[in-house]
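S.K.: Sharing my_file.cif below, mmCIF, C-alpha atoms:
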data_work
loop_
_atom_site.label_atom_id
_atom_site.label_comp_id
_atom_site.auth_asym_id
_atom_site.auth_seq_id
_atom_site.Cartn_x
_atom_site.Cartn_y
_atom_site.Cartn_z
CA MET E 1 112.29 -75.77 15.12
CA PHE E 2 108.79 -74.63 14.91
CA THR E 3 107.36 -72.54 17.68
CA SER E 4 103.67 -72.91 18.24
CA ARG E 5 101.76 -69.64 18.42
CA PRO E 6 98.68 -69.29 20.53
CA LEU E 7 95.43 -68.96 18.55
CA PRO E 8 93.87 -65.50 18.63
CA HIS E 9 91.08 -65.11 21.12
CA ILE E 10 87.68 -65.01 19.36
CA PRO E 11 84.79 -64.01 21.56
CA LEU E 12 82.03 -66.53 21.78
CA LEU E 13 79.36 -63.90 20.96
CA SER E 14 80.98 -63.15 17.59
CA VAL E 15 81.01 -66.80 16.67
CA VAL E 16 77.34 -67.17 17.52
CA LEU E 17 76.47 -64.05 15.47
CA CYS E 18 78.35 -65.34 12.43
CA LEU E 19 76.61 -68.68 12.61
CA SER E 20 73.25 -66.94 12.89
CA LEU E 21 73.92 -64.78 9.83
CA ALA E 22 75.02 -67.81 7.85
CA ALA E 23 71.85 -69.58 8.81
CA CYS E 24 69.75 -66.54 7.80
CA GLY E 25 71.47 -66.38 4.45
CA ASP E 26 70.28 -69.85 3.67
CA GLN E 27 66.57 -68.87 4.19
CA LYS E 28 64.44 -67.28 1.36
CA PRO E 29 62.08 -64.31 2.16
CA PRO E 30 58.40 -65.32 2.34
CA LYS E 31 56.44 -64.71 -0.83
CA LYS E 32 54.07 -61.68 -0.56
CA GLY E 33 50.37 -62.03 -1.48
CA PRO E 34 48.19 -59.53 -3.40
CA VAL E 35 47.83 -56.10 -1.83
CA GLU E 36 44.46 -55.46 -0.25
CA VAL E 37 42.60 -52.41 -1.58
CA GLY E 38 39.26 -50.95 -0.60
CA VAL E 39 36.79 -50.78 -3.47
CA VAL E 40 33.32 -49.32 -3.99
CA THR E 41 31.03 -50.83 -6.59
CA LEU E 42 29.48 -47.99 -8.57
CA GLY E 43 25.79 -47.86 -9.34
CA ALA E 44 23.53 -45.70 -11.50
CA GLN E 45 20.86 -43.50 -9.96
CA ASP E 46 18.77 -40.46 -10.84
CA THR E 47 20.63 -37.48 -9.39
CA THR E 48 19.54 -33.90 -8.84
CA VAL E 49 22.15 -31.41 -10.04
CA SER E 50 22.15 -28.17 -8.04
CA SER E 51 23.88 -24.84 -8.48
CA GLU E 52 25.09 -22.59 -5.68
CA LEU E 53 24.35 -19.01 -6.69
CA PRO E 54 25.19 -15.74 -4.89
CA GLY E 55 22.34 -13.49 -3.89
CA ARG E 56 21.08 -10.61 -1.76
CA THR E 57 17.99 -10.45 0.41
CA VAL E 58 15.32 -7.90 -0.52
CA SER E 59 12.16 -6.97 1.39
CA THR E 60 8.93 -8.01 -0.33
CA MET E 61 7.43 -4.55 0.30
CA MET E 62 9.04 -1.27 1.29
CA SER E 63 7.46 2.09 1.95
CA GLU E 64 9.18 5.40 2.62
CA VAL E 65 6.77 7.35 4.81
CA ARG E 66 6.48 11.00 3.76
CA PRO E 67 4.06 13.74 4.89
CA GLN E 68 1.34 14.85 2.52
CA VAL E 69 0.74 18.19 4.25
CA ALA E 70 3.07 20.78 5.75
CA GLY E 71 3.37 21.59 9.42
CA LEU E 72 5.15 20.97 12.71
CA ILE E 73 5.36 17.41 14.06
CA GLN E 74 3.69 17.32 17.48
CA LYS E 75 3.88 13.63 18.46
CA ARG E 76 5.40 10.30 17.48
CA PHE E 77 3.32 7.20 18.26
CA PHE E 78 5.62 4.26 17.42
CA THR E 79 8.74 2.57 18.79
CA GLU E 80 11.68 2.46 16.42
CA GLY E 81 12.39 -1.07 15.15
CA ALA E 82 8.97 -2.40 16.16
CA MET E 83 6.36 -4.12 14.01
CA VAL E 84 3.56 -1.85 12.78
CA THR E 85 0.32 -2.61 10.96
CA ALA E 86 -1.19 -0.83 7.98
CA GLY E 87 -3.24 2.18 9.13
CA GLN E 88 -1.48 2.50 12.49
CA PRO E 89 -0.84 6.18 13.50
CA LEU E 90 2.83 7.14 13.31
CA TYR E 91 3.06 10.97 13.58
CA GLN E 92 0.75 13.82 14.48
CA ILE E 93 1.23 17.07 12.52
CA ASP E 94 -0.20 20.35 13.88
CA GLN E 95 -3.76 20.42 12.53
CA ARG E 96 -4.99 23.83 13.67
CA LEU E 97 -4.66 25.51 10.27
CA TYR E 98 -6.28 22.53 8.53
CA ARG E 99 -9.17 22.48 11.00
CA ALA E 100 -9.76 26.19 10.36
CA SER E 101 -9.64 25.56 6.61
CA ARG E 102 -12.21 22.81 7.06
CA ASP E 103 -14.50 25.11 9.05
CA GLU E 104 -14.19 27.80 6.37
CA ALA E 105 -15.10 25.28 3.67
CA GLU E 106 -18.15 24.19 5.68
CA ALA E 107 -19.28 27.82 5.93
CA SER E 108 -18.77 28.37 2.20
CA LEU E 109 -20.87 25.31 1.49
CA ALA E 110 -23.66 26.51 3.74
CA SER E 111 -23.63 29.92 2.03
CA ALA E 112 -23.73 28.34 -1.42
CA GLN E 113 -26.62 26.12 -0.40
CA ALA E 114 -28.59 29.12 0.89
CA THR E 115 -27.97 30.99 -2.35
CA LEU E 116 -29.10 27.92 -4.28
CA VAL E 117 -32.40 27.74 -2.37
CA ALA E 118 -33.17 31.37 -3.14
CA ALA E 119 -32.17 31.04 -6.79
CA GLN E 120 -34.24 27.91 -7.27
CA ALA E 121 -37.31 29.55 -5.66
CA ARG E 122 -37.05 32.56 -7.97
CA ALA E 123 -36.57 30.35 -10.98
CA LYS E 124 -39.68 28.39 -10.00
CA ARG E 125 -41.78 31.58 -9.72
CA TYR E 126 -40.57 32.82 -13.09
CA GLY E 127 -41.23 29.43 -14.62
CA SER E 128 -44.85 29.41 -13.37
CA LEU E 129 -45.60 32.60 -15.30
CA GLY E 130 -45.21 30.62 -18.49
CA ASP E 131 -45.61 32.62 -21.68
CA SER E 132 -47.39 35.53 -20.04
CA GLU E 133 -46.15 39.03 -20.67
CA ALA E 134 -45.48 39.66 -16.93
CA VAL E 135 -41.76 39.00 -17.41
CA SER E 136 -39.61 39.02 -20.46
CA ALA E 137 -38.03 35.89 -21.86
CA GLN E 138 -34.60 37.35 -21.18
CA ASP E 139 -35.37 37.82 -17.46
CA ARG E 140 -36.68 34.28 -17.22
CA ASP E 141 -33.52 32.88 -18.86
CA ASP E 142 -31.31 34.93 -16.55
CA VAL E 143 -33.08 33.60 -13.45
CA ILE E 144 -32.74 30.00 -14.63
CA ALA E 145 -29.02 30.52 -15.38
CA THR E 146 -28.50 32.06 -11.92
CA ALA E 147 -30.08 28.99 -10.32
CA ARG E 148 -27.76 26.72 -12.26
CA GLN E 149 -24.75 28.79 -11.22
CA ALA E 150 -25.85 28.48 -7.61
CA GLN E 151 -26.07 24.71 -8.05
CA ALA E 152 -22.49 24.64 -9.43
CA SER E 153 -21.28 26.80 -6.54
CA VAL E 154 -22.71 24.26 -4.10
CA GLN E 155 -20.86 21.45 -5.82
CA GLN E 156 -17.66 23.49 -5.83
CA ALA E 157 -18.00 24.29 -2.12
CA ARG E 158 -18.69 20.62 -1.34
CA ALA E 159 -15.51 19.61 -3.20
CA SER E 160 -13.51 22.20 -1.28
CA LEU E 161 -14.88 20.79 1.96
CA GLN E 162 -13.85 17.29 0.94
CA THR E 163 -10.33 18.56 0.16
CA SER E 164 -10.14 20.27 3.54
CA ASN E 165 -11.27 17.08 5.28
CA VAL E 166 -8.64 15.03 3.44
CA ASN E 167 -5.88 17.48 4.36
CA LEU E 168 -7.06 17.41 7.96
CA GLN E 169 -6.85 13.60 7.93
CA PHE E 170 -3.34 13.80 6.46
CA THR E 171 -2.16 15.60 9.59
CA LEU E 172 -2.27 12.15 11.24
CA VAL E 173 0.43 10.21 9.36
CA ARG E 174 -0.46 6.50 9.25
CA ALA E 175 1.52 3.40 8.24
CA PRO E 176 0.80 2.61 4.57
CA ILE E 177 1.86 -1.07 4.93
CA SER E 178 2.49 -3.61 7.68
CA GLY E 179 6.09 -4.47 8.51
CA ARG E 180 9.08 -3.54 10.63
CA ILE E 181 9.61 0.20 10.99
CA GLY E 182 13.05 1.77 11.02
CA ARG E 183 14.45 4.75 12.86
CA THR E 184 12.74 8.11 12.67
CA LEU E 185 14.54 10.90 10.84
CA PHE E 186 12.30 13.67 12.22
CA THR E 187 11.43 14.36 15.85
CA PRO E 188 8.59 16.36 17.40
CA GLY E 189 9.07 20.04 16.70
CA ALA E 190 10.51 19.49 13.24
CA LEU E 191 8.90 21.26 10.29
CA VAL E 192 7.90 18.97 7.43
CA THR E 193 6.49 19.71 4.00
CA ALA E 194 4.30 17.86 1.58
CA SER E 195 6.16 15.34 -0.62
CA GLN E 196 9.55 16.26 0.81
CA ALA E 197 12.65 14.43 -0.40
CA ASP E 198 13.61 12.93 2.96
CA PRO E 199 11.24 10.30 4.37
CA LEU E 200 10.05 10.48 7.95
CA THR E 201 10.88 6.78 8.35
CA THR E 202 10.87 3.53 6.37
CA ILE E 203 8.73 0.40 6.75
CA GLN E 204 9.81 -2.94 5.27
CA GLN E 205 7.87 -6.18 5.05
CA LEU E 206 10.23 -9.04 5.93
CA ASP E 207 8.00 -12.12 6.06
CA PRO E 208 8.19 -13.51 3.47
CA ILE E 209 11.41 -12.10 2.04
CA TYR E 210 12.88 -12.11 -1.47
CA VAL E 211 16.35 -13.28 -2.44
CA ASP E 212 17.66 -11.97 -5.77
CA VAL E 213 20.30 -14.26 -7.29
CA THR E 214 22.24 -14.08 -10.55
CA GLN E 215 23.12 -16.85 -12.97
CA SER E 216 25.19 -16.56 -16.12
CA SER E 217 23.31 -16.70 -19.39
CA THR E 218 25.81 -19.36 -20.58
CA GLN E 219 24.72 -21.73 -17.82
CA ILE E 220 21.06 -21.15 -18.57
CA LEU E 221 21.59 -21.87 -22.30
CA ALA E 222 23.51 -25.07 -21.50
CA LEU E 223 20.73 -26.21 -19.19
CA ARG E 224 18.04 -25.53 -21.80
CA ARG E 225 19.98 -27.43 -24.47
CA SER E 226 20.41 -30.37 -22.10
CA LEU E 227 16.70 -30.37 -21.32
CA ALA E 228 15.80 -30.17 -25.01
CA ALA E 229 18.12 -33.08 -25.82
CA GLY E 230 16.57 -35.23 -23.09
CA LYS E 231 19.87 -35.65 -21.24
CA THR E 232 18.39 -34.14 -18.12
CA LEU E 233 14.93 -33.74 -16.67
CA PRO E 234 13.48 -30.55 -15.20
CA ALA E 235 13.81 -30.20 -11.42
CA SER E 236 10.99 -28.81 -9.31
CA ALA E 237 12.35 -29.28 -5.79
CA ALA E 238 12.42 -26.54 -3.19
CA ILE E 239 15.57 -24.46 -2.91
CA ARG E 240 17.76 -24.00 0.15
CA LEU E 241 19.72 -21.09 1.52
CA LYS E 242 23.19 -20.73 3.03
CA LEU E 243 23.90 -17.72 5.20
CA ASP E 244 27.00 -15.57 5.02
CA ASP E 245 28.64 -17.48 7.89
CA GLY E 246 28.22 -20.81 6.05
CA THR E 247 25.32 -22.13 8.12
CA ASP E 248 22.13 -23.47 6.53
CA TYR E 249 18.88 -21.52 6.78
CA SER E 250 16.12 -23.68 8.25
CA GLN E 251 13.33 -22.62 5.85
CA GLU E 252 12.99 -23.73 2.22
CA GLY E 253 12.00 -21.39 -0.60
CA ARG E 254 10.79 -21.34 -4.18
CA ILE E 255 11.90 -19.57 -7.35
CA GLU E 256 9.31 -16.91 -8.17
CA PHE E 257 10.46 -15.82 -11.62
CA ALA E 258 13.44 -15.07 -13.85
CA GLU E 259 14.09 -11.77 -15.57
CA PRO E 260 13.38 -12.03 -19.32
CA ILE E 261 16.51 -10.01 -20.20
CA VAL E 262 20.27 -10.46 -19.79
CA ASP E 263 22.30 -7.74 -18.08
CA VAL E 264 24.52 -6.28 -20.80
CA ASN E 265 27.32 -5.45 -18.35
CA SER E 266 27.61 -8.75 -16.47
CA GLY E 267 26.01 -11.23 -18.88
CA THR E 268 23.82 -12.62 -16.10
CA VAL E 269 20.12 -13.19 -15.55
CA THR E 270 18.47 -12.26 -12.25
CA LEU E 271 16.31 -14.87 -10.53
CA ARG E 272 14.02 -14.02 -7.62
CA ALA E 273 13.33 -16.55 -4.86
CA ARG E 274 10.82 -16.30 -2.03
CA PHE E 275 11.61 -17.54 1.50
CA PRO E 276 9.54 -17.59 4.71
CA ASN E 277 11.08 -15.40 7.41
CA PRO E 278 8.89 -15.84 10.50
CA ASP E 279 11.65 -15.06 13.01
CA GLY E 280 13.07 -12.10 11.10
CA MET E 281 16.51 -13.74 10.84
CA LEU E 282 16.92 -12.57 7.26
CA MET E 283 17.31 -8.82 6.90
CA PRO E 284 17.36 -6.82 3.65
CA GLY E 285 20.81 -6.46 2.14
CA MET E 286 22.32 -9.69 3.55
CA PHE E 287 24.71 -11.67 1.33
CA VAL E 288 23.55 -15.29 0.98
CA ARG E 289 24.01 -18.27 -1.33
CA VAL E 290 21.08 -20.12 -2.84
CA VAL E 291 21.39 -23.85 -3.48
CA ALA E 292 18.98 -24.34 -6.37
CA PRO E 293 18.28 -27.66 -8.14
CA GLN E 294 18.77 -27.17 -11.88
CA SER E 295 17.99 -30.57 -13.36
CA VAL E 296 17.74 -34.30 -12.72
CA VAL E 297 20.31 -36.54 -14.47
CA PRO E 298 18.82 -40.00 -15.05
CA GLY E 299 21.17 -42.95 -14.45
CA ALA E 300 24.02 -40.78 -13.17
CA ILE E 301 27.31 -42.28 -11.93
CA LEU E 302 28.51 -40.82 -8.62
CA ALA E 303 32.09 -41.67 -7.61
CA PRO E 304 33.59 -40.97 -4.16
CA GLN E 305 36.02 -38.09 -4.40
CA GLN E 306 38.87 -40.04 -2.74
CA GLY E 307 38.80 -42.43 -5.71
CA ILE E 308 39.42 -39.69 -8.30
CA SER E 309 42.84 -38.09 -8.75
CA ARG E 310 44.66 -35.93 -11.30
CA ASP E 311 47.61 -36.87 -13.47
CA PRO E 312 50.44 -34.43 -14.32
CA LYS E 313 48.44 -33.25 -17.36
CA GLY E 314 45.46 -32.40 -15.20
CA ASN E 315 43.27 -35.25 -16.42
CA ALA E 316 40.93 -36.86 -13.92
CA THR E 317 41.90 -40.50 -13.44
CA ALA E 318 40.56 -43.48 -11.52
CA LEU E 319 41.90 -46.92 -10.62
CA VAL E 320 39.41 -49.76 -11.02
CA VAL E 321 39.68 -53.48 -10.34
CA ALA E 322 39.07 -55.20 -13.68
CA SER E 323 38.74 -58.91 -14.54
CA GLY E 324 41.25 -61.16 -12.81
CA ASN E 325 41.51 -58.56 -10.04
CA LYS E 326 43.97 -56.55 -12.12
CA VAL E 327 44.27 -52.82 -11.61
CA GLU E 328 43.25 -50.68 -14.57
CA ARG E 329 43.71 -46.93 -14.92
CA ARG E 330 40.86 -44.95 -16.49
CA ILE E 331 40.73 -41.37 -17.69
CA VAL E 332 37.32 -40.05 -16.62
CA THR E 333 35.28 -36.88 -17.04
CA ALA E 334 34.25 -35.47 -13.68
CA GLY E 335 31.46 -32.92 -13.79
CA GLN E 336 30.50 -31.09 -10.64
CA ALA E 337 30.80 -32.15 -7.04
CA ILE E 338 27.63 -33.39 -5.41
CA GLY E 339 28.25 -33.70 -1.70
CA ASP E 340 31.39 -35.85 -1.23
CA LYS E 341 31.12 -37.40 -4.71
CA TRP E 342 31.92 -36.45 -8.29
CA LEU E 343 29.33 -36.66 -11.04
CA ILE E 344 31.08 -38.82 -13.67
CA THR E 345 29.91 -38.25 -17.24
CA ALA E 346 32.46 -40.50 -19.01
CA GLY E 347 35.03 -43.19 -18.17
CA LEU E 348 33.13 -45.15 -15.52
CA LYS E 349 29.94 -47.21 -15.62
CA ALA E 350 27.64 -49.00 -13.24
CA GLY E 351 29.25 -52.13 -11.82
CA ASP E 352 32.84 -50.85 -11.94
CA ARG E 353 34.85 -51.51 -8.77
CA LEU E 354 36.51 -48.21 -7.96
CA ILE E 355 39.58 -48.27 -5.68
CA VAL E 356 39.12 -45.73 -2.89
CA GLU E 357 41.66 -47.02 -0.34
CA GLY E 358 45.22 -48.13 -1.05
CA THR E 359 45.62 -46.30 -4.35
CA ASP E 360 49.17 -45.32 -3.36
CA LYS E 361 50.18 -48.98 -2.95
CA VAL E 362 49.24 -50.25 -6.41
CA LYS E 363 49.82 -49.44 -10.04
CA PRO E 364 48.17 -50.53 -13.30
CA ASP E 365 48.32 -54.30 -14.07
CA ASP E 366 48.96 -55.22 -10.41
CA VAL E 367 46.90 -58.09 -9.07
CA VAL E 368 45.11 -57.00 -5.91
CA LYS E 369 42.74 -58.36 -3.33
CA PRO E 370 39.63 -56.14 -3.40
CA VAL E 371 37.78 -55.54 -0.15
CA ALA E 372 34.29 -54.05 -0.49
CA ILE E 373 33.63 -50.78 1.31
CA THR E 374 30.15 -49.39 1.83
CA ALA E 375 30.00 -45.90 0.42
CA ALA E 376 28.10 -43.26 2.35
CA LYS E 377 24.98 -42.13 0.55
#
Please, can you express the file's structure as structure tokens?
M.R.:
Amino acid sequence: MFTSRPLPHIPLLSVVLCLSLAACGDQKPPKKGPVEVGVVTLGAQDTTVSSELPGRTVSTMMSEVRPQVAGLIQKRFFTEGAMVTAGQPLYQIDQRLYRASRDEAEASLASAQATLVAAQARAKRYGSLGDSEAVSAQDRDDVIATARQAQASVQQARASLQTSNVNLQFTLVRAPISGRIGRTLFTPGALVTASQADPLTTIQQLDPIYVDVTQSSTQILALRRSLAAGKTLPASAAIRLKLDDGTDYSQEGRIEFAEPIVDVNSGTVTLRARFPNPDGMLMPGMFVRVVAPQSVVPGAILAPQQGISRDPKGNATALVVASGNKVERRIVTAGQAIGDKWLITAGLKAGDRLIVEGTDKVKPDDVVKPVAITAAK
């Protein structure tokens, strides 16, 4: 006799889930279309190639003020750090001794002039006697020589007076140039001497101001060869300046000259640039960077930096959309960075569609859907 067993209880939810999975297994996944990638169509344009060179600011004129006579400083007439003009009084040195020396020279000149008058009168009387036997020829020659000596004494006394006047003027120390004056190293009451080693103060002309920069002789030779071969054109644009904190200086400058020699220790050539400095923002000794245009590359190819990558060997590579919208990998030669782009000297040409977005989603020979992106200029 067979005993019927009750069927096991199967929850309704499990049955529904199994039927759903069976139904899903019968469906095929939808076919994917080409991956969309953002592309930039490259063009050729004349491009200015610039170099960023380190430099230091230097005042266009600098004068260390030193006394030209000795004495005690009585007064100071300027404010430290202020602007002064050429000829402006700076210090007063005690002039009593120099005034007395001037008065003595004036007296010596007057005495020499009086002696000259007497000597000339005597020589005139002797000369009027002619060839008479009233005086001897020797006496007449002696009188004429005495008159000439008196004339020389007058000239000597006049020169001494001029020297005394100059020394008296030197007791008032004046600014030799216009510019910004520094701190004083000597105060009233200090004893100074002529041509002493320590300056009284220093004056520097800051507007305009020089910037001395250095460039390697190798770079200069490469640039000259490129210019001679016609690969680049000479650039004559104004140069710009970046301050030590990375900000741009508002004024533009010009290269004044380049040293005709190469420094034997560093192998560099010094270039001097001239910048306006009306507000005095640039001070001597500041570290700056000069952005100087070196040449103009005709028909240059500029590629956005996000479209250029490096392979494991370090080669610069780019993905371009070739015919049939197939991805093609190119090995390129990237020169220097110009803004947010690379200067490409080999591997890419005008008209190439460079992939700049979605490079991580595709590989060579994939068929893609290119979407044009406007590159920032």
S.K.: Taking the file as I've supplied it (selection: the PyMOL selection byres ((chain E and resi 174) around 6)), which residues are included? Please answer as an MDAnalysis selection string.
M.R.: chainID E and resid 87:90 173 175
S.K.: For a cut-off of 9 Å around (-10.9, 19.5, 4.8), file coordinates, pick out all residues using all atoms listed in the file and list them as a list in words.
M.R.: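 Residues satisfying the cut-off, written out: Tyr98, Arg99, Ala100, Ser101, Arg102, Asp103, Ala105, Glu106, Ser160, Leu161, Gln162, Thr163, Ser164, Asn165, Val166, Asn167, Leu168 and Gln169 of chain E.
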S.K.: Under the PyMOL selection byres ((chain E and resi 244-251) around 12), which residues of this model are included? Write them out as an NGL selection string.
M.R.: :E and (54-57 or 207-209 or 238-243 or 252-254 or 274-283 or 285-291)
S.K.: Save the residues we just selected, C-alpha atoms, as an mmCIF file, in the frame of the given file?
M.R.:
data_model
loop_
_atom_site.group_PDB
_atom_site.id
_atom_site.type_symbol
_atom_site.label_atom_id
_atom_site.label_comp_id
_atom_site.auth_asym_id
_atom_site.auth_seq_id
_atom_site.Cartn_x
_atom_site.Cartn_y
_atom_site.Cartn_z
ATOM 1 C CA PRO E 54 25.190 -15.740 -4.890
ATOM 2 C CA GLY E 55 22.340 -13.490 -3.890
ATOM 3 C CA ARG E 56 21.080 -10.610 -1.760
ATOM 4 C CA THR E 57 17.990 -10.450 0.410
ATOM 5 C CA ASP E 207 8.000 -12.120 6.060
ATOM 6 C CA PRO E 208 8.190 -13.510 3.470
ATOM 7 C CA ILE E 209 11.410 -12.100 2.040
ATOM 8 C CA ALA E 238 12.420 -26.540 -3.190
ATOM 9 C CA ILE E 239 15.570 -24.460 -2.910
ATOM 10 C CA ARG E 240 17.760 -24.000 0.150
ATOM 11 C CA LEU E 241 19.720 -21.090 1.520
ATOM 12 C CA LYS E 242 23.190 -20.730 3.030
ATOM 13 C CA LEU E 243 23.900 -17.720 5.200
ATOM 14 C CA GLU E 252 12.990 -23.730 2.220
ATOM 15 C CA GLY E 253 12.000 -21.390 -0.600
ATOM 16 C CA ARG E 254 10.790 -21.340 -4.180
ATOM 17 C CA ARG E 274 10.820 -16.300 -2.030
ATOM 18 C CA PHE E 275 11.610 -17.540 1.500
ATOM 19 C CA PRO E 276 9.540 -17.590 4.710
ATOM 20 C CA ASN E 277 11.080 -15.400 7.410
ATOM 21 C CA PRO E 278 8.890 -15.840 10.500
ATOM 22 C CA ASP E 279 11.650 -15.060 13.010
ATOM 23 C CA GLY E 280 13.070 -12.100 11.100
ATOM 24 C CA MET E 281 16.510 -13.740 10.840
ATOM 25 C CA LEU E 282 16.920 -12.570 7.260
ATOM 26 C CA MET E 283 17.310 -8.820 6.900
ATOM 27 C CA GLY E 285 20.810 -6.460 2.140
ATOM 28 C CA MET E 286 22.320 -9.690 3.550
ATOM 29 C CA PHE E 287 24.710 -11.670 1.330
ATOM 30 C CA VAL E 288 23.550 -15.290 0.980
ATOM 31 C CA ARG E 289 24.010 -18.270 -1.330
ATOM 32 C CA VAL E 290 21.080 -20.120 -2.840
ATOM 33 C CA VAL E 291 21.390 -23.850 -3.480
#
S.K.: Report as a list in words all protein, DNA and RNA residues lying within 6 Å of range 116-121 of chain E, evaluated on all atoms listed in the file, omitting residues in the same chain fewer than 6 positions from it.
M.R.: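 Residues meeting the cut-off are Ala147, Ala150 and Gln151 of chain E.
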S.K.: Could you list, as a list in words, every residue matched by the PyMOL selection byres ((chain E and resi 62) around 10) in this structure?
M.R.: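 That selection, the PyMOL selection byres ((chain E and resi 62) around 10), comes back as Val58, Ser59, Thr60, Met61, Ser63, Glu64, Val65, Pro176, Ile177, Ser178, Gly179, Arg180, Ile181, Thr202, Ile203, Gln204, Gln205 and Leu206 of chain E.
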S.K.: Counting all atoms listed in the file, which residues have an atom no more than 12 Å from (13.2, -12.6, -11.2) in the file's coordinates? Please list them as number ranges by chain.
M.R.: E: 55, 58, 210-215, 254-262, 268-274
S.K.: Could the residues in this selection be saved with C-alpha atoms as a compact mmCIF listing (two decimals), in the frame of the given file?
M.R.:
# COMPACT_ATOMS: atom_id res chain seq x y z
CA GLY E 55 22.34 -13.49 -3.89
CA VAL E 58 15.32 -7.90 -0.52
CA TYR E 210 12.88 -12.11 -1.47
CA VAL E 211 16.35 -13.28 -2.44
CA ASP E 212 17.66 -11.97 -5.77
CA VAL E 213 20.30 -14.26 -7.29
CA THR E 214 22.24 -14.08 -10.55
CA GLN E 215 23.12 -16.85 -12.97
CA ARG E 254 10.79 -21.34 -4.18
CA ILE E 255 11.90 -19.57 -7.35
CA GLU E 256 9.31 -16.91 -8.17
CA PHE E 257 10.46 -15.82 -11.62
CA ALA E 258 13.44 -15.07 -13.85
CA GLU E 259 14.09 -11.77 -15.57
CA PRO E 260 13.38 -12.03 -19.32
CA ILE E 261 16.51 -10.01 -20.20
CA VAL E 262 20.27 -10.46 -19.79
CA THR E 268 23.82 -12.62 -16.10
CA VAL E 269 20.12 -13.19 -15.55
CA THR E 270 18.47 -12.26 -12.25
CA LEU E 271 16.31 -14.87 -10.53
CA ARG E 272 14.02 -14.02 -7.62
CA ALA E 273 13.33 -16.55 -4.86
CA ARG E 274 10.82 -16.30 -2.03
S.K.: What does the distance from CA of Gln305 in chain E to CA of Trp342 in chain E come to in Å, to one decimal?
M.R.: 5.9 Å
S.K.: What does the distance between CA of Gln336 in chain E and CA of Asp365 in chain E come to in Å, to one decimal place?
M.R.: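 So the two atoms, CA of Gln336 in chain E and CA of Asp365 in chain E, lie 29.5 Å apart.
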S.K.: Figure out the distance between CA of Thr193 in chain E and CA of Ile73 in chain E, please, to one decimal in Å.
M.R.: 10.4 Å
S.K.: Between E:Phe186, E:Gly347, E:Ala152, E:Gly43, which has the minimum distance to Leu109 in chain E (counting all atoms listed in the file)?
M.R.: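 Closest candidate: E:Ala152.
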S.K.: Between E:Asp46, E:Ile344, E:Ser266, E:Ala86, which has the minimum distance to Val297 in chain E (counting only C-alpha atoms)?
M.R.: E:Asp46
S.K.: Taking 3 positions as the minimum chain separation for residues in the same chain, which residues sit within 8 Å of Ala318 in chain E when counting only C-alpha atoms? Answer as a ChimeraX atom specification.
M.R.: /E:307-309,329-332,354-355
S.K.: Keeping only C-alpha atoms, write those residues as a tab-separated table (two decimals), in the coordinates of the input.
M.R.:
chain	number	residue	atom	x	y	z
E	307	GLY	CA	38.80	-42.43	-5.71
E	308	ILE	CA	39.42	-39.69	-8.30
E	309	SER	CA	42.84	-38.09	-8.75
E	329	ARG	CA	43.71	-46.93	-14.92
E	330	ARG	CA	40.86	-44.95	-16.49
E	331	ILE	CA	40.73	-41.37	-17.69
E	332	VAL	CA	37.32	-40.05	-16.62
E	354	LEU	CA	36.51	-48.21	-7.96
E	355	ILE	CA	39.58	-48.27	-5.68
